[in-house]
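See structure below.
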Amino acid sequence: MRRSERRGDGGFVTAETAVALPVLVLFATALVWGLLVVAAQVQCVDAARTGARAAARQDPVEEVIRVARDTAPHGARITVGREGDQVRVVVEAKPALLHGLSFQLREEAVALAEETVGVQP
């Protein structure tokens, strides 16, 4: 090979890197964002279940909210309700890095109130 032929390919690596690097950064950012969403979803599920267990024991509503808030993502909204012999805890939260978007996670858990277990209708 002659020297003049080798020099012609030198700029392609720089051009390919300039195109590929932003794509890789965007891909890595999307992966991190996805992991944050999944982690927040798991926290919402755990918070709803923990709150439902506390509500099923007839703990005061303030205690149920406190227990659920300890597990829930930061800034989550927790709702406790009762429908007949079932208690329901709903946890709603916005994942980290998405506060500017209208994306919200919502999980709920339902449990049978302990006072009604074994009671014949």
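FYI, nothing fancy with the structure tokens labels: chains A, B, ... in order, residues from 1 per chain, ligands from 1 as they appear.
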With range 49-55 of chain A as the partner and 8 Å as the cut-off, tabulate the residues of range 76-116 of chain A that qualify, each row holding the nearest pair of atoms and their distance in Å to one decimal, using only C-alpha atoms, sorted by chain and rising number, as a tab-separated table.
```
residue	atom	partner	partner_atom	distance
A:Val80	CA	A:Ala55	CA	7.9
A:Val87	CA	A:Ala55	CA	6.3
A:Arg88	CA	A:Ala52	CA	6.2
A:Val89	CA	A:Ala52	CA	5.5
A:Glu108	CA	A:Arg49	CA	7.7
A:Ala109	CA	A:Arg49	CA	5.4
A:Val110	CA	A:Ala52	CA	6.1
A:Ala111	CA	A:Ala52	CA	5.8
A:Ala113	CA	A:Ala55	CA	7.4
```
Go ahead and save the residues from that selection, with N, CA and C atoms, as a CSV table (one decimal), in the first residue's frame.
```
chain,number,residue,atom,x,y,z
A,80,VAL,N,-55.8,5.6,52.0
A,80,VAL,CA,-56.3,4.4,52.7
A,80,VAL,C,-57.8,4.4,52.7
A,87,VAL,N,-59.8,-3.7,53.2
A,87,VAL,CA,-59.1,-2.4,53.3
A,87,VAL,C,-58.3,-2.3,52.0
A,88,ARG,N,-58.1,-1.1,51.6
A,88,ARG,CA,-57.4,-0.8,50.3
A,88,ARG,C,-56.4,0.4,50.5
A,89,VAL,N,-55.2,0.1,50.1
A,89,VAL,CA,-54.2,1.2,50.2
A,89,VAL,C,-53.7,1.4,48.7
A,108,GLU,N,-51.9,-0.5,44.0
A,108,GLU,CA,-52.8,-0.7,45.2
A,108,GLU,C,-52.8,-2.1,45.7
A,109,ALA,N,-53.1,-2.2,47.0
A,109,ALA,CA,-53.2,-3.5,47.6
A,109,ALA,C,-54.4,-3.6,48.4
A,110,VAL,N,-55.1,-4.8,48.4
A,110,VAL,CA,-56.3,-5.0,49.1
A,110,VAL,C,-56.1,-6.1,50.1
A,111,ALA,N,-56.6,-6.0,51.3
A,111,ALA,CA,-56.5,-7.1,52.3
A,111,ALA,C,-57.8,-7.2,53.1
A,113,ALA,N,-59.8,-7.4,56.3
A,113,ALA,CA,-59.7,-6.9,57.7
A,113,ALA,C,-59.7,-8.1,58.7
```
Residues flagged helix (DSSP H, G or I) by DSSP in chain A, as a PyMOL selection string: chain A and resi 3-7+10-56+61-71+114-116
Export of the given selection (C-alpha atoms) as a PDB file, in the first residue's frame:
```pdb
ATOM      1  CA  ARG A   3       1.089   6.246   1.822  1.00  0.00           C
ATOM      2  CA  SER A   4      -1.495   8.306  -0.023  1.00  0.00           C
ATOM      3  CA  GLU A   5      -4.039   5.458   0.148  1.00  0.00           C
ATOM      4  CA  ARG A   6      -3.700   5.102   3.941  1.00  0.00           C
ATOM      5  CA  ARG A   7      -4.249   8.782   4.644  1.00  0.00           C
ATOM      6  CA  GLY A  10      -8.111   8.629   8.695  1.00  0.00           C
ATOM      7  CA  GLY A  11     -11.153  10.885   9.066  1.00  0.00           C
ATOM      8  CA  PHE A  12     -13.745   8.116   9.003  1.00  0.00           C
ATOM      9  CA  VAL A  13     -13.022   6.979  12.550  1.00  0.00           C
ATOM     10  CA  THR A  14     -13.540  10.479  13.874  1.00  0.00           C
ATOM     11  CA  ALA A  15     -16.768  10.914  11.944  1.00  0.00           C
ATOM     12  CA  GLU A  16     -18.126   7.540  13.047  1.00  0.00           C
ATOM     13  CA  THR A  17     -17.266   8.309  16.675  1.00  0.00           C
ATOM     14  CA  ALA A  18     -18.948  11.698  16.438  1.00  0.00           C
ATOM     15  CA  VAL A  19     -22.161  10.009  15.280  1.00  0.00           C
ATOM     16  CA  ALA A  20     -22.037   6.922  17.518  1.00  0.00           C
ATOM     17  CA  LEU A  21     -21.103   8.586  20.820  1.00  0.00           C
ATOM     18  CA  PRO A  22     -24.312  10.649  21.235  1.00  0.00           C
ATOM     19  CA  VAL A  23     -26.386   7.577  20.363  1.00  0.00           C
ATOM     20  CA  LEU A  24     -24.577   5.532  23.031  1.00  0.00           C
ATOM     21  CA  VAL A  25     -25.055   8.277  25.619  1.00  0.00           C
ATOM     22  CA  LEU A  26     -28.762   8.472  24.792  1.00  0.00           C
ATOM     23  CA  PHE A  27     -29.083   4.692  25.035  1.00  0.00           C
ATOM     24  CA  ALA A  28     -27.306   4.622  28.427  1.00  0.00           C
ATOM     25  CA  THR A  29     -29.534   7.433  29.704  1.00  0.00           C
ATOM     26  CA  ALA A  30     -32.649   5.538  28.628  1.00  0.00           C
ATOM     27  CA  LEU A  31     -31.418   2.418  30.431  1.00  0.00           C
ATOM     28  CA  VAL A  32     -30.782   4.330  33.663  1.00  0.00           C
ATOM     29  CA  TRP A  33     -34.196   6.002  33.407  1.00  0.00           C
ATOM     30  CA  GLY A  34     -35.845   2.609  32.881  1.00  0.00           C
ATOM     31  CA  LEU A  35     -34.121   1.187  35.933  1.00  0.00           C
ATOM     32  CA  LEU A  36     -35.294   4.146  38.025  1.00  0.00           C
ATOM     33  CA  VAL A  37     -38.879   3.600  36.875  1.00  0.00           C
ATOM     34  CA  VAL A  38     -38.740  -0.101  37.723  1.00  0.00           C
ATOM     35  CA  ALA A  39     -37.233   0.639  41.144  1.00  0.00           C
ATOM     36  CA  ALA A  40     -39.976   3.192  41.880  1.00  0.00           C
ATOM     37  CA  GLN A  41     -42.630   0.686  40.754  1.00  0.00           C
ATOM     38  CA  VAL A  42     -41.265  -1.942  43.151  1.00  0.00           C
ATOM     39  CA  GLN A  43     -41.245   0.619  45.962  1.00  0.00           C
ATOM     40  CA  CYS A  44     -44.890   1.458  45.249  1.00  0.00           C
ATOM     41  CA  VAL A  45     -45.861  -2.233  45.340  1.00  0.00           C
ATOM     42  CA  ASP A  46     -44.020  -2.764  48.628  1.00  0.00           C
ATOM     43  CA  ALA A  47     -45.537   0.364  50.179  1.00  0.00           C
ATOM     44  CA  ALA A  48     -49.070  -0.622  49.179  1.00  0.00           C
ATOM     45  CA  ARG A  49     -48.646  -4.141  50.580  1.00  0.00           C
ATOM     46  CA  THR A  50     -47.106  -2.893  53.823  1.00  0.00           C
ATOM     47  CA  GLY A  51     -49.884  -0.360  54.256  1.00  0.00           C
ATOM     48  CA  ALA A  52     -52.585  -2.934  53.508  1.00  0.00           C
ATOM     49  CA  ARG A  53     -51.172  -5.291  56.144  1.00  0.00           C
ATOM     50  CA  ALA A  54     -51.167  -2.501  58.726  1.00  0.00           C
ATOM     51  CA  ALA A  55     -54.707  -1.460  57.773  1.00  0.00           C
ATOM     52  CA  ALA A  56     -55.889  -5.070  58.009  1.00  0.00           C
ATOM     53  CA  VAL A  61     -54.937   5.549  59.481  1.00  0.00           C
ATOM     54  CA  GLU A  62     -52.043   7.852  60.444  1.00  0.00           C
ATOM     55  CA  GLU A  63     -49.931   4.806  61.332  1.00  0.00           C
ATOM     56  CA  VAL A  64     -50.872   3.040  58.084  1.00  0.00           C
ATOM     57  CA  ILE A  65     -49.816   6.103  56.086  1.00  0.00           C
ATOM     58  CA  ARG A  66     -46.576   6.421  58.062  1.00  0.00           C
ATOM     59  CA  VAL A  67     -45.665   2.756  57.492  1.00  0.00           C
ATOM     60  CA  ALA A  68     -46.468   2.989  53.783  1.00  0.00           C
ATOM     61  CA  ARG A  69     -44.594   6.293  53.402  1.00  0.00           C
ATOM     62  CA  ASP A  70     -41.455   4.719  54.901  1.00  0.00           C
ATOM     63  CA  THR A  71     -41.367   2.292  51.968  1.00  0.00           C
ATOM     64  CA  GLU A 114     -58.560  -9.242  60.491  1.00  0.00           C
ATOM     65  CA  GLU A 115     -61.684  -8.614  62.539  1.00  0.00           C
ATOM     66  CA  THR A 116     -63.741 -10.248  59.790  1.00  0.00           C
TER      67      THR A 116
END
```
Straight-line distance linking CA of Val91 in chain A with CA of Glu107 in chain A, stated in Å to one decimal: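 About the pair CA of Val91 in chain A and CA of Glu107 in chain A: they are 5.4 Å apart.
Here the question is which of A:Arg106, A:Pro60, A:Leu112, A:Thr79 gets nearest to Ala93 in chain A using only C-alpha atoms, and that residue is A:Arg106.
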